[in-house]
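A.B. asks: I'm passing along model-v7.cif; it holds mmCIF, C-alpha atoms and all ligand atoms.
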```cif
data_input
#
loop_
_atom_site.label_atom_id
_atom_site.label_comp_id
_atom_site.auth_asym_id
_atom_site.auth_seq_id
_atom_site.Cartn_x
_atom_site.Cartn_y
_atom_site.Cartn_z
CA MET A 1 45.77 -24.22 5.06
CA ARG A 2 43.25 -26.46 6.84
CA LYS A 3 41.78 -23.51 8.61
CA LEU A 4 41.29 -21.78 5.28
CA SER A 5 39.44 -24.69 3.71
CA ILE A 6 37.16 -24.99 6.74
CA ILE A 7 36.35 -21.32 6.39
CA ILE A 8 35.57 -21.79 2.71
CA VAL A 9 33.25 -24.72 3.43
CA LEU A 10 31.47 -22.78 6.15
CA PHE A 11 31.15 -19.76 3.94
CA THR A 12 29.64 -21.79 1.09
CA ALA A 13 27.19 -23.45 3.48
CA LEU A 14 26.17 -20.07 4.83
CA ALA A 15 25.68 -18.64 1.35
CA PHE A 16 23.52 -21.64 0.45
CA LEU A 17 21.45 -21.21 3.59
CA LEU A 18 20.95 -17.52 2.92
CA THR A 19 20.02 -17.79 -0.74
CA GLY A 20 18.34 -21.19 -0.42
CA THR A 21 15.83 -20.16 2.22
CA LEU A 22 14.61 -16.96 0.65
CA PRO A 23 13.35 -17.86 -2.85
CA ALA A 24 9.86 -16.44 -2.15
CA GLU A 25 11.26 -13.06 -1.20
CA GLU A 26 13.50 -13.07 -4.28
CA ALA A 27 10.58 -13.89 -6.56
CA ALA A 28 8.41 -11.18 -5.02
CA LYS A 29 11.18 -8.65 -5.57
CA LYS A 30 11.65 -9.62 -9.21
CA GLU A 31 7.89 -9.23 -9.76
CA ALA A 32 7.98 -5.80 -8.12
CA GLU A 33 10.87 -4.76 -10.37
CA LYS A 34 8.87 -5.79 -13.41
CA GLU A 35 5.93 -3.69 -12.14
CA ASP A 36 8.26 -0.71 -11.67
CA LYS A 37 9.22 -0.88 -15.34
CA LYS A 38 5.57 -0.94 -16.36
CA GLU A 39 4.88 2.12 -14.20
CA ALA A 40 7.42 4.14 -16.10
CA THR A 41 4.90 4.71 -18.89
CA HIS A 42 2.40 6.53 -16.61
CA GLU A 43 2.75 9.83 -14.75
CA TYR A 44 2.20 10.57 -11.06
CA VAL A 45 -0.32 13.27 -10.08
CA GLY A 46 -0.32 13.33 -6.25
CA ALA A 47 -2.97 12.41 -3.66
CA LYS A 48 -4.78 15.77 -3.87
CA LYS A 49 -6.06 14.72 -7.30
CA CYS A 50 -7.60 11.57 -5.80
CA LYS A 51 -9.06 13.35 -2.77
CA GLY A 52 -11.83 15.10 -4.75
CA CYS A 53 -13.57 11.82 -5.57
CA HIS A 54 -12.32 9.62 -2.70
CA LYS A 55 -12.85 11.83 0.36
CA ASP A 56 -13.42 9.00 2.87
CA VAL A 57 -10.45 6.97 1.69
CA HIS A 58 -8.23 10.05 1.70
CA ALA A 59 -9.31 11.00 5.25
CA ALA A 60 -8.66 7.45 6.50
CA TRP A 61 -5.26 7.33 4.78
CA LEU A 62 -4.28 10.68 6.38
CA GLU A 63 -4.55 9.01 9.78
CA THR A 64 -1.91 6.41 8.93
CA GLU A 65 1.86 6.69 9.36
CA HIS A 66 2.24 6.36 5.57
CA ALA A 67 0.90 9.93 5.22
CA THR A 68 3.61 11.55 7.36
CA THR A 69 6.55 9.18 7.19
CA PHE A 70 8.88 11.47 5.22
CA GLY A 71 9.00 13.77 8.27
CA LYS A 72 10.49 10.96 10.34
CA LEU A 73 13.71 11.23 8.36
CA SER A 74 16.18 13.86 9.56
CA ALA A 75 17.15 16.69 7.18
CA GLU A 76 20.35 14.73 6.46
CA GLU A 77 18.49 11.48 5.74
CA GLN A 78 15.99 13.25 3.48
CA LYS A 79 18.89 13.83 1.10
CA LYS A 80 20.07 10.20 1.10
CA PRO A 81 18.72 8.17 -1.83
CA GLU A 82 19.21 4.97 0.20
CA CYS A 83 16.66 6.23 2.73
CA VAL A 84 14.29 8.24 0.58
CA THR A 85 13.21 5.47 -1.85
CA CYS A 86 10.73 3.89 0.57
CA HIS A 87 9.61 7.09 2.28
CA ILE A 88 8.38 8.85 -0.87
CA THR A 89 5.91 8.01 -3.65
CA GLY A 90 7.63 9.17 -6.81
CA LYS A 91 8.07 12.32 -8.88
CA LEU A 92 5.59 14.59 -10.63
CA ALA A 93 6.16 15.32 -14.31
CA ASP A 94 8.00 18.56 -13.38
CA GLY A 95 10.40 16.61 -11.16
CA THR A 96 8.87 17.61 -7.80
CA VAL A 97 9.26 14.78 -5.30
CA ILE A 98 5.98 13.48 -3.84
CA GLU A 99 6.87 12.97 -0.19
CA ASN A 100 5.35 10.20 1.98
CA VAL A 101 3.66 6.97 0.94
CA GLU A 102 0.66 8.29 -1.00
CA CYS A 103 -2.10 6.56 -2.97
CA GLU A 104 0.06 6.12 -6.04
CA ALA A 105 2.85 4.33 -4.15
CA CYS A 106 0.42 1.42 -3.93
CA HIS A 107 -2.07 2.01 -6.76
CA GLY A 108 0.41 3.08 -9.44
CA PRO A 109 0.91 6.47 -11.14
CA GLY A 110 -2.60 7.81 -11.71
CA LYS A 111 -2.60 10.32 -14.54
CA ASP A 112 -4.20 7.93 -17.01
CA PHE A 113 -6.51 5.83 -14.83
CA LYS A 114 -7.95 8.78 -12.87
CA SER A 115 -9.38 10.19 -16.11
CA PRO A 116 -13.09 11.06 -15.85
CA LYS A 117 -13.57 8.86 -18.90
CA ILE A 118 -12.63 5.90 -16.70
CA MET A 119 -13.15 6.74 -13.02
CA ASN A 120 -16.65 8.07 -13.55
CA LYS A 121 -19.54 7.07 -11.33
CA LYS A 122 -22.37 7.90 -13.76
CA LYS A 123 -20.80 6.50 -16.88
CA TRP A 124 -20.06 3.07 -15.47
CA ALA A 125 -22.77 2.76 -12.80
CA ALA A 126 -24.32 -0.13 -14.72
CA ASP A 127 -21.02 -1.85 -15.48
CA PRO A 128 -18.46 -1.42 -12.66
CA GLU A 129 -16.44 -4.38 -13.92
CA LYS A 130 -15.82 -2.66 -17.26
CA GLN A 131 -14.75 0.49 -15.39
CA LYS A 132 -12.28 -1.49 -13.32
CA LYS A 133 -10.91 -3.29 -16.36
CA LEU A 134 -10.26 0.03 -18.15
CA ALA A 135 -8.61 1.45 -15.01
CA LEU A 136 -6.30 -1.56 -14.71
CA GLU A 137 -5.38 -1.24 -18.39
CA ALA A 138 -4.54 2.44 -17.75
CA GLY A 139 -2.08 1.50 -15.01
CA LEU A 140 -4.20 1.06 -11.86
CA ILE A 141 -2.76 -1.46 -9.42
CA MET A 142 -4.98 -3.27 -6.93
CA PRO A 143 -2.13 -3.97 -4.53
CA ASP A 144 -1.23 -7.40 -3.28
CA GLU A 145 1.67 -8.56 -1.15
CA LYS A 146 4.39 -8.00 -3.74
CA ASP A 147 3.47 -4.30 -4.01
CA CYS A 148 4.04 -3.87 -0.27
CA VAL A 149 7.22 -5.92 0.17
CA ARG A 150 8.94 -3.62 -2.28
CA CYS A 151 9.30 -1.44 0.87
CA HIS A 152 8.37 -3.83 3.68
CA THR A 153 11.53 -5.82 3.20
CA LYS A 154 14.63 -6.23 5.34
CA GLU A 155 17.00 -5.05 2.64
CA GLY A 156 17.95 -1.40 3.20
CA ASN A 157 15.16 -0.95 5.76
CA THR A 158 17.00 -0.17 8.99
CA ASN A 159 13.76 -0.29 11.02
CA PHE A 160 12.39 -3.53 9.59
CA LYS A 161 9.45 -5.11 11.37
CA GLU A 162 7.96 -8.42 10.37
CA PHE A 163 5.21 -7.85 7.78
CA LYS A 164 2.09 -9.96 7.31
CA PHE A 165 0.07 -8.74 4.34
CA ALA A 166 -3.25 -10.36 5.24
CA GLU A 167 -3.19 -8.79 8.70
CA ARG A 168 -2.11 -5.32 7.60
CA LYS A 169 -3.86 -4.61 4.30
CA GLY A 170 -7.07 -3.44 5.98
CA GLU A 171 -5.15 -0.71 7.82
CA VAL A 172 -3.93 1.28 4.81
CA HIS A 173 -7.23 3.25 4.65
CA ALA A 174 -9.69 1.66 7.00
CA VAL A 175 -12.93 2.83 5.34
CA LYS A 176 -14.02 -0.65 4.27
CA ALA A 177 -12.96 -2.23 7.56
CA LYS A 178 -14.95 0.38 9.49
CA GLU A 179 -18.04 -0.18 7.32
CA GLU A 180 -17.78 -3.93 7.84
CA ALA A 181 -17.39 -3.47 11.60
CA LYS A 182 -20.48 -1.21 11.60
CA GLU A 183 -22.48 -3.83 9.69
CA GLU A 184 -21.35 -6.54 12.09
CA ALA A 185 -22.28 -4.44 15.12
CA LYS A 186 -25.73 -3.83 13.57
CA GLU A 187 -26.22 -7.56 12.96
CA GLU A 188 -25.17 -8.37 16.51
CA ALA A 189 -27.53 -5.76 17.95
CA LYS A 190 -30.35 -7.28 15.89
CA GLU A 191 -29.55 -10.79 17.13
CA GLU A 192 -29.47 -9.58 20.71
CA ALA A 193 -32.79 -7.80 20.34
CA LYS A 194 -34.27 -11.02 18.93
CA GLU A 195 -32.90 -13.06 21.83
CA GLU A 196 -34.30 -10.57 24.30
CA ALA A 197 -37.71 -10.58 22.64
CA LYS A 198 -37.72 -14.41 22.80
CA GLU A 199 -36.86 -14.34 26.47
CA GLU A 200 -39.56 -11.77 27.12
CA ALA A 201 -42.12 -13.92 25.29
CA GLY A 202 -41.05 -17.00 27.26
CA LYS A 203 -41.71 -15.32 30.61
C1 LIG B 301 -13.17 11.99 -11.21
C2 LIG B 301 -13.27 11.30 -9.94
C3 LIG B 301 -12.13 10.36 -9.55
C4 LIG B 301 -10.80 10.66 -9.42
C5 LIG B 301 -10.10 11.99 -9.68
C6 LIG B 301 -10.16 9.45 -8.94
N1 LIG B 301 -11.09 8.46 -8.80
FE1 LIG B 301 -10.73 6.53 -8.24
N2 LIG B 301 -12.67 6.04 -8.62
C7 LIG B 301 -13.67 6.93 -8.96
C8 LIG B 301 -14.93 6.21 -9.14
C9 LIG B 301 -16.28 6.80 -9.49
C10 LIG B 301 -14.62 4.82 -8.91
C11 LIG B 301 -15.58 3.64 -9.02
C12 LIG B 301 -15.90 3.04 -7.71
C13 LIG B 301 -16.60 4.02 -6.81
O1 LIG B 301 -17.75 4.39 -7.09
O2 LIG B 301 -15.97 4.43 -5.80
C14 LIG B 301 -13.21 4.78 -8.56
C15 LIG B 301 -12.53 3.61 -8.23
C16 LIG B 301 -11.23 3.55 -7.75
C17 LIG B 301 -10.57 2.36 -7.27
C18 LIG B 301 -11.18 0.96 -7.16
C19 LIG B 301 -10.97 0.16 -8.43
C20 LIG B 301 -11.89 0.57 -9.54
O3 LIG B 301 -11.37 1.01 -10.59
O4 LIG B 301 -13.10 0.45 -9.39
C21 LIG B 301 -9.30 2.73 -6.90
C22 LIG B 301 -8.22 1.83 -6.33
C23 LIG B 301 -9.18 4.15 -7.15
N3 LIG B 301 -10.36 4.62 -7.67
C24 LIG B 301 -8.03 4.88 -6.90
C25 LIG B 301 -7.86 6.21 -7.28
C26 LIG B 301 -6.60 6.94 -7.15
C27 LIG B 301 -5.33 6.37 -6.56
C28 LIG B 301 -6.82 8.20 -7.65
C29 LIG B 301 -5.81 9.32 -7.78
C30 LIG B 301 -4.64 9.05 -8.58
C31 LIG B 301 -8.20 8.25 -8.09
N4 LIG B 301 -8.79 7.03 -7.85
C32 LIG B 301 -8.81 9.36 -8.65
C33 LIG B 301 -13.53 8.29 -9.15
C34 LIG B 301 -12.32 8.97 -9.16
C1 LIG B 302 13.37 -0.80 1.54
C2 LIG B 302 12.58 0.29 2.03
C3 LIG B 302 13.16 1.22 3.11
C4 LIG B 302 14.35 1.88 3.09
C5 LIG B 302 15.43 1.84 2.02
C6 LIG B 302 14.40 2.65 4.32
N1 LIG B 302 13.24 2.48 5.02
FE1 LIG B 302 12.75 3.40 6.78
N2 LIG B 302 11.07 2.24 6.90
C7 LIG B 302 10.63 1.37 5.94
C8 LIG B 302 9.46 0.68 6.43
C9 LIG B 302 8.64 -0.33 5.65
C10 LIG B 302 9.23 1.14 7.73
C11 LIG B 302 8.16 0.68 8.71
C12 LIG B 302 8.75 -0.42 9.57
C13 LIG B 302 8.53 -1.75 8.93
O1 LIG B 302 7.37 -2.18 8.90
O2 LIG B 302 9.48 -2.39 8.43
C14 LIG B 302 10.25 2.16 7.99
C15 LIG B 302 10.32 2.90 9.16
C16 LIG B 302 11.22 3.93 9.37
C17 LIG B 302 11.20 4.84 10.49
C18 LIG B 302 10.16 4.86 11.59
C19 LIG B 302 10.56 3.88 12.65
C20 LIG B 302 9.56 3.80 13.78
O3 LIG B 302 9.66 2.84 14.52
O4 LIG B 302 8.70 4.68 13.90
C21 LIG B 302 12.28 5.68 10.37
C22 LIG B 302 12.69 6.80 11.31
C23 LIG B 302 12.99 5.26 9.17
N3 LIG B 302 12.32 4.20 8.58
C24 LIG B 302 14.17 5.82 8.73
C25 LIG B 302 14.92 5.32 7.65
C26 LIG B 302 16.27 5.76 7.33
C27 LIG B 302 17.08 6.76 8.15
C28 LIG B 302 16.65 5.09 6.21
C29 LIG B 302 18.00 5.14 5.48
C30 LIG B 302 19.14 4.71 6.25
C31 LIG B 302 15.51 4.24 5.82
N4 LIG B 302 14.50 4.41 6.72
C32 LIG B 302 15.49 3.43 4.70
C33 LIG B 302 11.19 1.17 4.70
C34 LIG B 302 12.45 1.61 4.33
C1 LIG B 303 -0.12 1.38 1.48
C2 LIG B 303 -0.83 1.08 0.25
C3 LIG B 303 -2.05 1.87 -0.12
C4 LIG B 303 -2.17 3.24 -0.12
C5 LIG B 303 -1.15 4.27 0.32
C6 LIG B 303 -3.49 3.51 -0.62
N1 LIG B 303 -4.15 2.34 -0.91
FE1 LIG B 303 -6.02 2.17 -1.69
N2 LIG B 303 -5.95 0.13 -1.47
C7 LIG B 303 -4.84 -0.56 -1.01
C8 LIG B 303 -5.20 -1.96 -0.86
C9 LIG B 303 -4.30 -3.06 -0.35
C10 LIG B 303 -6.56 -2.06 -1.26
C11 LIG B 303 -7.42 -3.32 -1.28
C12 LIG B 303 -7.17 -4.08 -2.53
C13 LIG B 303 -8.03 -5.28 -2.61
O1 LIG B 303 -9.02 -5.38 -1.86
O2 LIG B 303 -7.72 -6.13 -3.46
C14 LIG B 303 -6.99 -0.73 -1.65
C15 LIG B 303 -8.27 -0.42 -2.14
C16 LIG B 303 -8.67 0.85 -2.56
C17 LIG B 303 -9.96 1.19 -3.14
C18 LIG B 303 -11.10 0.21 -3.40
C19 LIG B 303 -12.10 0.28 -2.27
C20 LIG B 303 -11.56 -0.29 -1.01
O3 LIG B 303 -11.51 0.46 0.00
O4 LIG B 303 -11.15 -1.47 -0.99
C21 LIG B 303 -9.94 2.53 -3.41
C22 LIG B 303 -11.07 3.36 -4.01
C23 LIG B 303 -8.64 3.04 -3.01
N3 LIG B 303 -7.89 1.99 -2.51
C24 LIG B 303 -8.23 4.35 -3.17
C25 LIG B 303 -7.08 4.89 -2.57
C26 LIG B 303 -6.79 6.32 -2.49
C27 LIG B 303 -7.63 7.40 -3.09
C28 LIG B 303 -5.62 6.43 -1.79
C29 LIG B 303 -4.91 7.71 -1.34
C30 LIG B 303 -5.71 8.68 -0.58
C31 LIG B 303 -5.17 5.09 -1.46
N4 LIG B 303 -6.09 4.19 -1.93
C32 LIG B 303 -4.00 4.79 -0.79
C33 LIG B 303 -3.60 -0.03 -0.73
C34 LIG B 303 -3.30 1.32 -0.61
C1 LIG B 304 6.83 3.13 -0.86
C2 LIG B 304 7.07 2.24 0.27
C3 LIG B 304 5.92 1.54 0.93
C4 LIG B 304 4.95 0.76 0.34
C5 LIG B 304 4.77 0.45 -1.16
C6 LIG B 304 4.13 0.25 1.41
N1 LIG B 304 4.55 0.72 2.61
FE1 LIG B 304 3.70 0.39 4.44
N2 LIG B 304 5.07 1.60 5.31
C7 LIG B 304 6.12 2.24 4.66
C8 LIG B 304 6.85 3.04 5.60
C9 LIG B 304 8.07 3.91 5.29
C10 LIG B 304 6.23 2.87 6.85
C11 LIG B 304 6.66 3.50 8.18
C12 LIG B 304 5.78 4.64 8.52
C13 LIG B 304 6.31 5.36 9.73
O1 LIG B 304 6.28 4.78 10.82
O2 LIG B 304 6.75 6.50 9.57
C14 LIG B 304 5.10 1.94 6.63
C15 LIG B 304 4.20 1.55 7.62
C16 LIG B 304 3.14 0.69 7.42
C17 LIG B 304 2.16 0.32 8.42
C18 LIG B 304 2.07 0.88 9.82
C19 LIG B 304 1.31 2.19 9.63
C20 LIG B 304 0.55 2.69 10.80
O3 LIG B 304 -0.18 3.72 10.62
O4 LIG B 304 0.63 2.10 11.87
C21 LIG B 304 1.28 -0.56 7.82
C22 LIG B 304 0.07 -1.24 8.45
C23 LIG B 304 1.71 -0.72 6.45
N3 LIG B 304 2.83 0.05 6.24
C24 LIG B 304 1.08 -1.54 5.54
C25 LIG B 304 1.38 -1.58 4.17
C26 LIG B 304 0.67 -2.40 3.21
C27 LIG B 304 -0.46 -3.38 3.54
C28 LIG B 304 1.21 -2.11 2.00
C29 LIG B 304 0.84 -2.67 0.65
C30 LIG B 304 -0.59 -2.66 0.30
C31 LIG B 304 2.28 -1.13 2.21
N4 LIG B 304 2.34 -0.85 3.54
C32 LIG B 304 3.05 -0.59 1.20
C33 LIG B 304 6.43 2.15 3.33
C34 LIG B 304 5.66 1.50 2.37
#
```
Let me see the structure of the file written as structure tokens.
Ligand code: HEC
Ligand code: HEC
Ligand code: HEC
Ligand code: HEC
C.D. replies:
Amino acid sequence: MRKLSIIIVLFTALAFLLTGTLPAEEAAKKEAEKEDKKEATHEYVGAKKCKGCHKDVHAAWLETEHATTFGKLSAEEQKKPECVTCHITGKLADGTVIENVECEACHGPGKDFKSPKIMNKKKWAADPEKQKKLALEAGLIMPDEKDCVRCHTKEGNTNFKEFKFAERKGEVHAVKAKEEAKEEAKEEAKEEAKEEAKEEAGK
């Protein structure tokens, strides 16, 4: 009898520890679930439809593991819903599964926001903020941490690795990061040239 009550006390303490220390993760998951419901009103189109206008981003994304991750599942695992959820993007209107973690896994189903009425360079050149607002209203997601931890979570993820959003977000398609690095390198080269010129003049 005593043994049993000790076990119950321990069990309750453990449950408290487990649920009590993870409120942030819980909240993020609830948010993500809400987002999922919103997505249901838009259709997926597949990354090829984005490629035409976003060549650089598409090329950079192709180099990441996201672009080929479905192939890491065995033929058996590719049939298991408990594995597939995080290694695919969604389904096209005709039911075809979009394999791998494509653009729309992070940016939301794109049929409405990719419209040339919205994502149109000429039309909105003078007012990019308006363009972005319309895109967001049509379902575009500019992903933050909660959109990643839907998959980068311990639950169900047998290969979980610790995930730090701020450190990883630049890697998803490194176009911007590369441009920034190029700019920085240019600035540094300029500074160095200046320093050298000063030294030369001082001689
Ligand atoms: C008809 C061409 C076209 C297609 C197709 C297209 N985009 Fe865009 N997209 C643009 C243009 C133009 C912009 C404005 C910024 C720029 O000049 O790159 C943009 C901007 C964006 C932005 C930045 C936020 C914003 O609205 O400014 C994201 C994210 C984006 N597109 C994702 C996608 C995804 C995902 C797809 C595929 C589902 C897609 N786009 C398809 C042309 C397109
Ligand atoms: C909740 C989402 C989720 C589920 C469910 C999931 N995975 Fe993953 N999987 C991931 C993520 C995210 C990664 C990348 C590792 C990380 O950062 O956690 C990954 C990585 C992998 C890798 C690559 C590991 C490596 O080190 O290269 C394999 C293989 C894999 N998962 C197989 C599976 C199998 C098999 C199942 C079903 C039993 C499964 N996954 C279920 C999210 C998930
Ligand atoms: C794993 C998630 C993920 C995938 C997959 C992904 N993106 Fe992104 N994308 C992001 C994040 C995160 C940002 C940065 C958001 C911010 O700065 O607030 C971003 C930003 C962008 C931007 C704005 C310009 C920039 O580089 O910051 C465009 C355009 C874009 N994505 C298009 C695409 C297209 C097209 C694809 C598919 C070829 C794609 N994305 C795939 C997460 C993703
Ligand atoms: C639909 C599920 C899903 C979403 C959403 C998702 N990821 Fe992933 N991510 C994965 C899986 C699965 C892998 C494992 C890829 C592999 O190794 O096969 C992974 C791997 C990665 C890697 C390692 C890739 C590499 O090339 O080394 C980074 C970095 C990453 N994710 C960042 C992010 C960020 C940042 C976001 C949110 C903006 C995000 N992911 C959203 C499923 C997802």
A.B. asks: Measuring between only C-alpha atoms and all ligand atoms, which one of A:Ala193, A:Ala135, A:Val149, A:Val172 shows the shortest distance to ligand LIG 301 (chain B)?
C.D. replies: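 Ranking A:Ala193, A:Ala135, A:Val149, A:Val172 by distance to ligand LIG 301 (chain B), first place goes to A:Ala135.
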A.B. asks: Select, from A:Tyr44, A:Phe165, A:Trp124, A:Phe113, the residue with the minimum atom-to-atom distance to His152 in chain A, counting only C-alpha atoms.
C.D. replies: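 The answer is A:Phe165, which sits nearest to His152 in chain A.
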A.B. asks: Please check which protein, DNA or RNA residues sit within 8 Å of ligand LIG 302 (chain B), counting only C-alpha atoms and all ligand atoms, and write them as an MDAnalysis selection string.
C.D. replies: chainID A and resid 69 72:74 77 80:87 149:163
A.B. asks: So which residues touch His58 in chain A within 9 Å, counting all atoms listed in the file, skipping near sequence neighbours fewer than 5 positions away, as a list in words?
C.D. replies: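 Non-adjacent residues within range: Ala47, Lys48, Cys50, Lys51, Gly52, Glu63, Cys103 and His173 of chain A.
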A.B. asks: Any chance you can output those residues with C-alpha atoms as a short mmCIF file (atom, residue, chain, number, x, y, z; two decimals), in the frame of the given file?
C.D. replies:
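For reference, selection.cif as written:
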```cif
data_model
loop_
_atom_site.label_atom_id
_atom_site.label_comp_id
_atom_site.auth_asym_id
_atom_site.auth_seq_id
_atom_site.Cartn_x
_atom_site.Cartn_y
_atom_site.Cartn_z
CA ALA A 47 -2.97 12.41 -3.66
CA LYS A 48 -4.78 15.77 -3.87
CA CYS A 50 -7.60 11.57 -5.80
CA LYS A 51 -9.06 13.35 -2.77
CA GLY A 52 -11.83 15.10 -4.75
CA GLU A 63 -4.55 9.01 9.78
CA CYS A 103 -2.10 6.56 -2.97
CA HIS A 173 -7.23 3.25 4.65
#
```
A.B. asks: Which one is closest to ligand LIG 303 (chain B): A:Pro116, A:Gly110, A:Gly71, A:Gly95? Count all atoms listed in the file.
C.D. replies: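 For ligand LIG 303 (chain B), the nearest of the given residues is A:Gly110.
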A.B. asks: Give the residues close to ligand LIG 301 (chain B), within 8 Å, counting only C-alpha atoms and all ligand atoms; write them as a PyMOL selection string.
C.D. replies: chain A and resi 44-54+103-104+107-111+113-116+118-122+124-125+128-129+131-136+140-142
A.B. asks: Starting from 5 Å padding per side, set up an axis-aligned box that covers all listed atoms of ligand LIG 304 (chain B) and hand over centre and edge lengths in Å, one decimal, as lines of an AutoDock Vina configuration file.
C.D. replies:
```
center_x = 3.7
center_y = 1.6
center_z = 5.4
size_x = 18.7
size_y = 19.9
size_z = 23.0
```
A.B. asks: Find the residue from A:Lys194, A:Arg168, A:Lys182, A:Lys79 that sits nearest to ligand LIG 303 (chain B); use only C-alpha atoms and all ligand atoms when measuring.
C.D. replies: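 Closest residue, counting only C-alpha atoms and all ligand atoms: A:Arg168.
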A.B. asks: Rounded to one decimal, what separation in Å do you get between atom C20 of ligand LIG 304 (chain B) and CA of Trp61 in chain A?
C.D. replies: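 Spanning atom C20 of ligand LIG 304 (chain B) to CA of Trp61 in chain A is a straight-line distance of 9.6 Å.
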A.B. asks: Choose the residue, out of A:Asp112, A:Asn100, A:Gly90, A:Glu183, that has the smallest atom-to-atom separation from Gly139 in chain A; count only C-alpha atoms.
C.D. replies: A:Asp112
A.B. asks: Which residue out of A:Lys169, A:Lys91, A:Lys146, A:Lys55 has the minimum interatomic distance to ligand LIG 304 (chain B) when only C-alpha atoms and all ligand atoms are used?
C.D. replies: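 So, comparing all the options, the nearest one is A:Lys169.
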A.B. asks: Measure the distance from atom C9 of ligand LIG 303 (chain B) to CA of Ala126 in chain A in Å and round it to one decimal.
C.D. replies: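 Atom-to-atom, atom C9 of ligand LIG 303 (chain B) to CA of Ala126 in chain A, that is 24.8 Å.
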A.B. asks: Interatomic distance between atom C2 of ligand LIG 304 (chain B) and CA of Glu43 in chain A?
C.D. replies: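 CA of Glu43 in chain A lies 17.4 Å from atom C2 of ligand LIG 304 (chain B).
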A.B. asks: Would you please take range 183-196 of chain A of the structure in the block above and write N, CA and C atoms to a file as an mmCIF file, in the first residue's frame?
C.D. replies:
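And here's decode_5.cif as it stands now:
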```cif
data_model
loop_
_atom_site.group_PDB
_atom_site.id
_atom_site.type_symbol
_atom_site.label_atom_id
_atom_site.label_comp_id
_atom_site.auth_asym_id
_atom_site.auth_seq_id
_atom_site.Cartn_x
_atom_site.Cartn_y
_atom_site.Cartn_z
ATOM 1 N N GLU A 183 28.156 41.822 -49.643
ATOM 2 C CA GLU A 183 28.220 43.237 -49.296
ATOM 3 C C GLU A 183 29.281 43.482 -48.237
ATOM 4 N N GLU A 184 29.273 42.614 -47.212
ATOM 5 C CA GLU A 184 30.219 42.759 -46.109
ATOM 6 C C GLU A 184 31.645 42.632 -46.618
ATOM 7 N N ALA A 185 31.872 41.636 -47.480
ATOM 8 C CA ALA A 185 33.209 41.415 -48.020
ATOM 9 C C ALA A 185 33.655 42.645 -48.797
ATOM 10 N N LYS A 186 32.705 43.231 -49.571
ATOM 11 C CA LYS A 186 33.015 44.438 -50.351
ATOM 12 C C LYS A 186 33.438 45.572 -49.427
ATOM 13 N N GLU A 187 32.630 45.780 -48.355
ATOM 14 C CA GLU A 187 32.914 46.840 -47.392
ATOM 15 C C GLU A 187 34.298 46.647 -46.788
ATOM 16 N N GLU A 188 34.576 45.395 -46.401
ATOM 17 C CA GLU A 188 35.866 45.102 -45.769
ATOM 18 C C GLU A 188 37.015 45.394 -46.720
ATOM 19 N N ALA A 189 36.841 44.989 -47.985
ATOM 20 C CA ALA A 189 37.886 45.225 -48.981
ATOM 21 C C ALA A 189 38.139 46.723 -49.124
ATOM 22 N N LYS A 190 37.023 47.500 -49.110
ATOM 23 C CA LYS A 190 37.138 48.956 -49.230
ATOM 24 C C LYS A 190 37.929 49.522 -48.062
ATOM 25 N N GLU A 191 37.565 49.082 -46.838
ATOM 26 C CA GLU A 191 38.243 49.546 -45.626
ATOM 27 C C GLU A 191 39.738 49.249 -45.706
ATOM 28 N N GLU A 192 40.028 48.022 -46.142
ATOM 29 C CA GLU A 192 41.433 47.613 -46.226
ATOM 30 C C GLU A 192 42.196 48.486 -47.204
ATOM 31 N N ALA A 193 41.557 48.725 -48.364
ATOM 32 C CA ALA A 193 42.202 49.559 -49.383
ATOM 33 C C ALA A 193 42.492 50.941 -48.813
ATOM 34 N N LYS A 194 41.516 51.472 -48.037
ATOM 35 C CA LYS A 194 41.689 52.790 -47.424
ATOM 36 C C LYS A 194 42.890 52.785 -46.484
ATOM 37 N N GLU A 195 42.910 51.753 -45.616
ATOM 38 C CA GLU A 195 44.005 51.628 -44.653
ATOM 39 C C GLU A 195 45.346 51.610 -45.370
ATOM 40 N N GLU A 196 45.385 50.793 -46.448
ATOM 41 C CA GLU A 196 46.636 50.664 -47.192
ATOM 42 C C GLU A 196 47.069 51.996 -47.777
#
```
